[in-house]
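Trainee: Right, I'll just put the structure down here and ask away after.
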Amino acid sequence: MSEETQNTDVQEVETKKAAPAVSAQQENPEQFLKEFNWHNYEEGIDPIADSKLEEFEKLVAENFVDTLNDEVVDGTVINITDRDAIIDINAKSEGVISLNEFRYNPDLKVGDKVEVLIDVREDATGQLILSHRKARVIKAWDRVNAAHDTGEIVNGFVKCRTKGGMIVDVFGIEAFLPGSQIDVKPIRDYDAYVGKTMEFKVVKINHEFKNVVVSHKALIEADIEEQKKEIIGQLEKGQVLEGTVKNVTSYGVFVDLGGVDGLIHITDLSWSRINHPNEIVELDQKLNVVILDFDEAKTRIQLGLKQLKPHPWEALDKELKVGDKVKGKVVVIADYGAFIEVEEGVEGLIHVSEMSWSTHLRSAQDFVKVGDEVEAVILTLDREERKMSLGIKQSTPDPWTDITTKYPVGSKHSGIVRNFTNFGVFVELEEGIDGLIYISDLSWTKKIKHPSDFTNVGDTLNVIVLELDVEGRKLSLGHKQTEDNPWDKYEAEFGLGTKHTAKIGEIVDKGATIDFNEDIVAFVPSRHLEKEDGSKLKKGDEAEFQIIEFSKEFKRVVASHTALFREEEAKIVKQAAKKAASNSSEKTTLGDIDALADLKAKMEKGGK
């Protein structure tokens with residue numbers, strides 16, 4: 001047999017051998033690929049023709065999953081062990097997923113389709129490791145992003161409460177549901193939503209921090225806005241509607257009118273004054289309200305509750321008049337007075353000047369406090385303006401009625417210092433009777449610059465009534481007049497020409513002062529401080545002084561030391577002149593001339 005014939009036979013044999021394989025491959029390529037002996041092929045035990053190898057690689061590419069790509073693929077559960085689920089993803093080998101990743105699906109069974117991600121292509125044993133959890137996360141993020149872009153409504157499971165809202169499971173991702181986005185109305189019980197499956201809209205995604213924010217409120221707001229416009233379009237001022245108290249704030253009450261909210265301002269809740277709306281209404285309470293005003297553009301509705309009742313002033317007793325006594329409760333206090341509610345919604349003002357007969361300025365809080373029950377007299381009543389002024393001092397007799405009997409001029413009393421002015425002190429003799437002591441009537445001897453130098457607020461002073469003006473309701477009082485004027489006796493003791501010994505106290509402008517006693521402080525002009533030797537007295541020097549001026553009216557005493565020896569010199573001159581006159585017929589002796597010359601020189605020196 002020739003070599004060519006032998007080669008032909010070998011090729012036929014190889015073709016015959018390969019023919020069944022190709023046939024099986026063509027009939028069931030998936031089964032062929034699964035049963036193909038990869039080990040023998042890799043070791044070269046089962047050689048295969050290049051043309052067949054190309055066809056084989058084509059089958060692999062068409063039927064097997066490329067495990068190099070991080071893509072999510074579908075797999076089929078083909079077996080479940082105690083710990084793992086065996087998944088067929090149409091790869092060279094089956095993959096393994098821990099059953100822990102299927103805790104959310106306890107009903108997992110053979111034949112179920114699941115999404116998987118190839119986590120490890122092959123472990124040490126050549127096993128393909130898959131991840132269902134990672135696949136769910138990737139798919140979930142794809143679905144969440146798509147829902148955010150398209151505005152698709154998604155279902156979510158409310159897992160638990162958290163600070164400021166709720167945690168919602170959306171496609172396996174934990175999303176945040178703010179409390180303000182749960183509903184259009186305020187939520188008081190967050191726990192009522194835990195465990196519920198609700199519809200949401202994905203409103204925000206932070207890709208950097210992998211945060212998702214969802215809203216349930218956004219789904220119903222659009223419908224509510226349309227509903228609001230429809231309801232507001234049917235509203236009329238003065239219309240009475242039934243509503244439900246939705247929210248209570250410090251400034252008012254929000255009422256749900258059946259799809260649209262209105263506000264009752266605190267001032268429109270009651271004709272009486274209230275501190276907080278919760279004194280009138282409570283949450284979820286149903287009540288009738290009246291439409292006061294509304295704004296179609298801004299969908300704002302202003303409601304009223306008190307307007308459903310007649311104004312209290314209209315129901316006020318028609319017989320009530322000025323001079324009548326009424327009882328009421330203090331509801332508001334201001335510096336200038338207090339407001340008294342005499343009937344529900346009817347108030348009168350008691351000005352602070354009508355709380356006491358005293359003219360001394362005080363605060364209303366010194367007389368009453370909020371909640372006090374008081375009796376007052378109606379002073380003015382204007383039903384049209386709905387104003388009333390009251391007084392409580394009128395319930396007691398006016399102390400000025402018999403003022404001339406109780407406080408005649410010259411009578412002595414004691415009073416309490418209430419306040420000062422620059423010119424005097426106000427003293428209260430009794431409630432409603434104040435008098436003024438001028439600063440000049442505080443002391444006989446002391447020079448007072450301000451009343452606070454002499455007394456203090458709250459001190460008790462003895463006074464005497466100096467003047468009484470009944471019509472002007474004014475009393476002029478004196479304090480120093482309660483004692484004898486010490487200057488009466490000082491007028492004789494320190495009269496002109498009297499001599500006293502004392503020390504120089506202080507050197508002041510243009511002279512010095514000396515203290516003869518606690519009342520008498522005399523002034524010594526500079527030229528009267530000169531001593532006989534020509535020097536001057538200094539602070540602390542003790543010397544004799546002569547009074548050269550005394551004024552009881554102005555409390556002024558002026559003294560001189562120099563006048564003492566000047567007076568002696570004047571006497572000598574006077575005596576010499578007298579002697580000269582009596583001896584005019586006789587000649588003047590030499591001794592007389594010398595004596596007069598010496599005295600002249602001495603006086604001239606002193607004059608300088």
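Identifiers for the structure tokens are assigned positionally: chains receive A, B, ... in sequence, residues are indexed from 1 per chain, and ligands are indexed from 1 in the order shown.
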Report as a PyMOL selection string: the residues of segment 68-295 of chain A with a DSSP assignment of alpha helix (DSSP H), based on the backbone of this structure.
Mentor: chain A and resi 132-150+217-232
Trainee: For those residues, write C-alpha atoms to a file as a short mmCIF file (atom, residue, chain, number, x, y, z; two decimals), in the first residue's frame.
Mentor:
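In the end it all went to out.cif:
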```cif
data_model
loop_
_atom_site.label_atom_id
_atom_site.label_comp_id
_atom_site.auth_asym_id
_atom_site.auth_seq_id
_atom_site.Cartn_x
_atom_site.Cartn_y
_atom_site.Cartn_z
CA HIS A 132 -26.70 37.14 45.27
CA ARG A 133 -26.52 40.03 47.77
CA LYS A 134 -24.14 42.07 45.60
CA ALA A 135 -26.24 41.38 42.56
CA ARG A 136 -29.34 42.63 44.37
CA VAL A 137 -27.54 45.83 45.43
CA ILE A 138 -26.32 46.57 41.90
CA LYS A 139 -29.74 45.89 40.41
CA ALA A 140 -31.39 47.87 43.21
CA TRP A 141 -29.25 50.94 42.52
CA ASP A 142 -30.02 50.64 38.81
CA ARG A 143 -33.75 50.52 39.58
CA VAL A 144 -33.55 53.38 42.12
CA ASN A 145 -31.69 55.61 39.68
CA ALA A 146 -34.19 54.78 36.97
CA ALA A 147 -37.09 55.56 39.31
CA HIS A 148 -35.52 58.90 40.21
CA ASP A 149 -34.96 59.82 36.56
CA THR A 150 -38.42 58.79 35.35
CA LYS A 217 -46.11 63.24 50.61
CA ALA A 218 -44.95 64.09 47.08
CA LEU A 219 -47.40 61.53 45.63
CA ILE A 220 -50.45 63.22 47.08
CA GLU A 221 -49.43 66.89 46.95
CA ALA A 222 -50.26 67.30 43.29
CA ASP A 223 -53.72 65.84 43.80
CA ILE A 224 -54.23 67.96 46.90
CA GLU A 225 -53.28 71.17 45.07
CA GLU A 226 -55.91 70.47 42.45
CA GLN A 227 -58.36 69.60 45.19
CA LYS A 228 -57.49 72.84 47.02
CA LYS A 229 -58.14 74.97 43.94
CA GLU A 230 -61.47 73.25 43.42
CA ILE A 231 -62.53 73.78 47.05
CA ILE A 232 -61.32 77.38 47.23
#
```
Trainee: When you look at Val77 of chain A with a cut-off of 9 Å (counting only C-alpha atoms), what residues show up, excluding the ones that are within fewer than 2 positions of it in the same chain? I need them as a compact mmCIF listing (two decimals) with N, CA and C atoms, in the first residue's frame.
Mentor:
```txt
# COMPACT_ATOMS: atom_id res chain seq x y z
N GLY A 75 -29.32 33.10 37.18
CA GLY A 75 -28.93 31.72 37.42
C GLY A 75 -30.12 30.91 37.91
N ASN A 79 -29.52 22.97 43.28
CA ASN A 79 -29.38 22.13 44.48
C ASN A 79 -29.25 23.04 45.70
N ILE A 80 -29.77 22.56 46.82
CA ILE A 80 -29.69 23.32 48.08
C ILE A 80 -29.14 22.40 49.15
N ALA A 85 -26.39 27.27 48.35
CA ALA A 85 -27.28 27.01 47.20
C ALA A 85 -26.39 26.88 45.98
N ILE A 86 -26.58 25.80 45.20
CA ILE A 86 -25.79 25.56 44.00
C ILE A 86 -26.55 26.18 42.83
N ILE A 87 -25.86 27.06 42.12
CA ILE A 87 -26.51 27.84 41.07
C ILE A 87 -25.86 27.53 39.72
N ASP A 88 -26.71 27.27 38.74
CA ASP A 88 -26.23 27.07 37.37
C ASP A 88 -26.38 28.38 36.61
N LEU A 108 -36.92 29.74 49.29
CA LEU A 108 -36.07 29.43 48.13
C LEU A 108 -36.09 27.92 47.85
N LYS A 109 -36.21 27.54 46.58
CA LYS A 109 -36.30 26.12 46.21
C LYS A 109 -35.59 25.87 44.89
N VAL A 110 -35.34 24.59 44.60
CA VAL A 110 -34.67 24.19 43.36
C VAL A 110 -35.55 24.61 42.18
N GLY A 111 -34.90 25.21 41.18
CA GLY A 111 -35.61 25.66 39.99
C GLY A 111 -35.87 27.16 40.00
N ASP A 112 -35.71 27.83 41.17
CA ASP A 112 -35.94 29.28 41.23
C ASP A 112 -34.86 30.03 40.45
N LYS A 113 -35.28 31.08 39.78
CA LYS A 113 -34.34 31.93 39.08
C LYS A 113 -33.86 33.04 40.04
N VAL A 114 -32.56 33.28 40.09
CA VAL A 114 -32.00 34.29 40.98
C VAL A 114 -30.95 35.11 40.23
```
Trainee: Please provide as an NGL selection string all residues within 7 Å of segment 271-278 of chain A, with the sequence filter that same-chain residues fewer than 4 positions apart are discarded (counting only C-alpha atoms).
Mentor: :A and (248 or 250 or 252-253 or 266 or 282 or 306 or 344-345)
Trainee: Pick out the residues sitting within 12 Å of His450 of chain A, and hand them over as a list in words; count only C-alpha atoms, and ignore anything fewer than 4 positions along from it in its own chain.
Mentor: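 The neighbour list is Phe420, Thr421, Asn422, Phe423, Gly424, Val425, Tyr438, Ile439, Ser440, Leu442, Lys446, Phe454, Thr455 and Asn456 of chain A.
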Trainee: Which of these residues is nearest to Glu236 of chain A, using only C-alpha atoms: A:Asp295, A:Glu549, A:Glu471, A:Glu544?
Mentor: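 When distances to Glu236 of chain A are compared using only C-alpha atoms, the smallest one comes from A:Asp295.
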Trainee: Determine which residues of segment 302-436 of chain A DSSP labels as strand (DSSP E) from the backbone of this structure, then write them out as a ChimeraX atom specification.
Mentor: /A:302-304,325-334,337-343,346-351,373-382,387-391,412-421,424-430,433-436
Trainee: Quick one: residues within 9 Å of Val322 of chain A, only C-alpha atoms counted, chain neighbours fewer than 4 positions away excluded, as an mmCIF file with all heavy atoms, in the first residue's frame?
Mentor:
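Output contents, as saved in around.cif:
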```cif
data_model
loop_
_atom_site.group_PDB
_atom_site.id
_atom_site.type_symbol
_atom_site.label_atom_id
_atom_site.label_comp_id
_atom_site.auth_asym_id
_atom_site.auth_seq_id
_atom_site.Cartn_x
_atom_site.Cartn_y
_atom_site.Cartn_z
ATOM 1 N N VAL A 377 -65.616 100.826 89.942
ATOM 2 C CA VAL A 377 -66.697 101.740 89.582
ATOM 3 C C VAL A 377 -66.522 102.151 88.121
ATOM 4 O O VAL A 377 -65.410 102.451 87.681
ATOM 5 C CB VAL A 377 -66.680 102.987 90.496
ATOM 6 C CG1 VAL A 377 -67.754 103.985 90.062
ATOM 7 C CG2 VAL A 377 -66.894 102.574 91.947
ATOM 8 N N ILE A 378 -67.613 102.153 87.361
ATOM 9 C CA ILE A 378 -67.554 102.568 85.956
ATOM 10 C C ILE A 378 -67.375 104.079 85.894
ATOM 11 O O ILE A 378 -68.205 104.840 86.408
ATOM 12 C CB ILE A 378 -68.824 102.152 85.208
ATOM 13 C CG1 ILE A 378 -68.972 100.617 85.217
ATOM 14 C CG2 ILE A 378 -68.783 102.652 83.764
ATOM 15 C CD1 ILE A 378 -70.248 100.122 84.565
ATOM 16 N N LEU A 379 -66.303 104.516 85.257
ATOM 17 C CA LEU A 379 -66.023 105.950 85.132
ATOM 18 C C LEU A 379 -66.497 106.478 83.774
ATOM 19 O O LEU A 379 -67.057 107.567 83.697
ATOM 20 C CB LEU A 379 -64.512 106.202 85.290
ATOM 21 C CG LEU A 379 -63.897 105.723 86.611
ATOM 22 C CD1 LEU A 379 -62.415 106.056 86.648
ATOM 23 C CD2 LEU A 379 -64.609 106.334 87.804
ATOM 24 N N THR A 380 -66.238 105.711 82.700
ATOM 25 C CA THR A 380 -66.744 106.072 81.374
ATOM 26 C C THR A 380 -67.241 104.804 80.693
ATOM 27 O O THR A 380 -66.726 103.698 80.941
ATOM 28 C CB THR A 380 -65.654 106.713 80.493
ATOM 29 O OG1 THR A 380 -64.597 105.767 80.265
ATOM 30 C CG2 THR A 380 -65.083 107.966 81.160
ATOM 31 N N LEU A 381 -68.233 104.951 79.791
ATOM 32 C CA LEU A 381 -68.811 103.807 79.093
ATOM 33 C C LEU A 381 -69.226 104.254 77.695
ATOM 34 O O LEU A 381 -70.095 105.108 77.531
ATOM 35 C CB LEU A 381 -70.016 103.261 79.868
ATOM 36 C CG LEU A 381 -70.739 102.058 79.263
ATOM 37 C CD1 LEU A 381 -69.795 100.866 79.171
ATOM 38 C CD2 LEU A 381 -71.959 101.700 80.105
#
```
Trainee: Identify which of the residues A:Leu283, A:Thr396, A:Asn288, A:Ser535 lies closest to Val240 of chain A, counting only C-alpha atoms when measuring atom-to-atom distances.
Mentor: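 Residue with the minimum atom-to-atom distance to Val240 of chain A: A:Asn288.
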Trainee: For segment 161-171 of chain A, please output as a PyMOL selection string all residues within 10 Å (counting only C-alpha atoms; exclusion window: fewer than 6 positions along the same chain).
Mentor: chain A and resi 136-137+139-144+154-155+177-182+190-191+193-200+202+212-214
Trainee: Enter the distance from atom CA of Lys237 of chain A to atom CA of Leu292 of chain A, in Å, rounded to one decimal.
Mentor: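 Here the two named atoms are 5.5 Å from each other.
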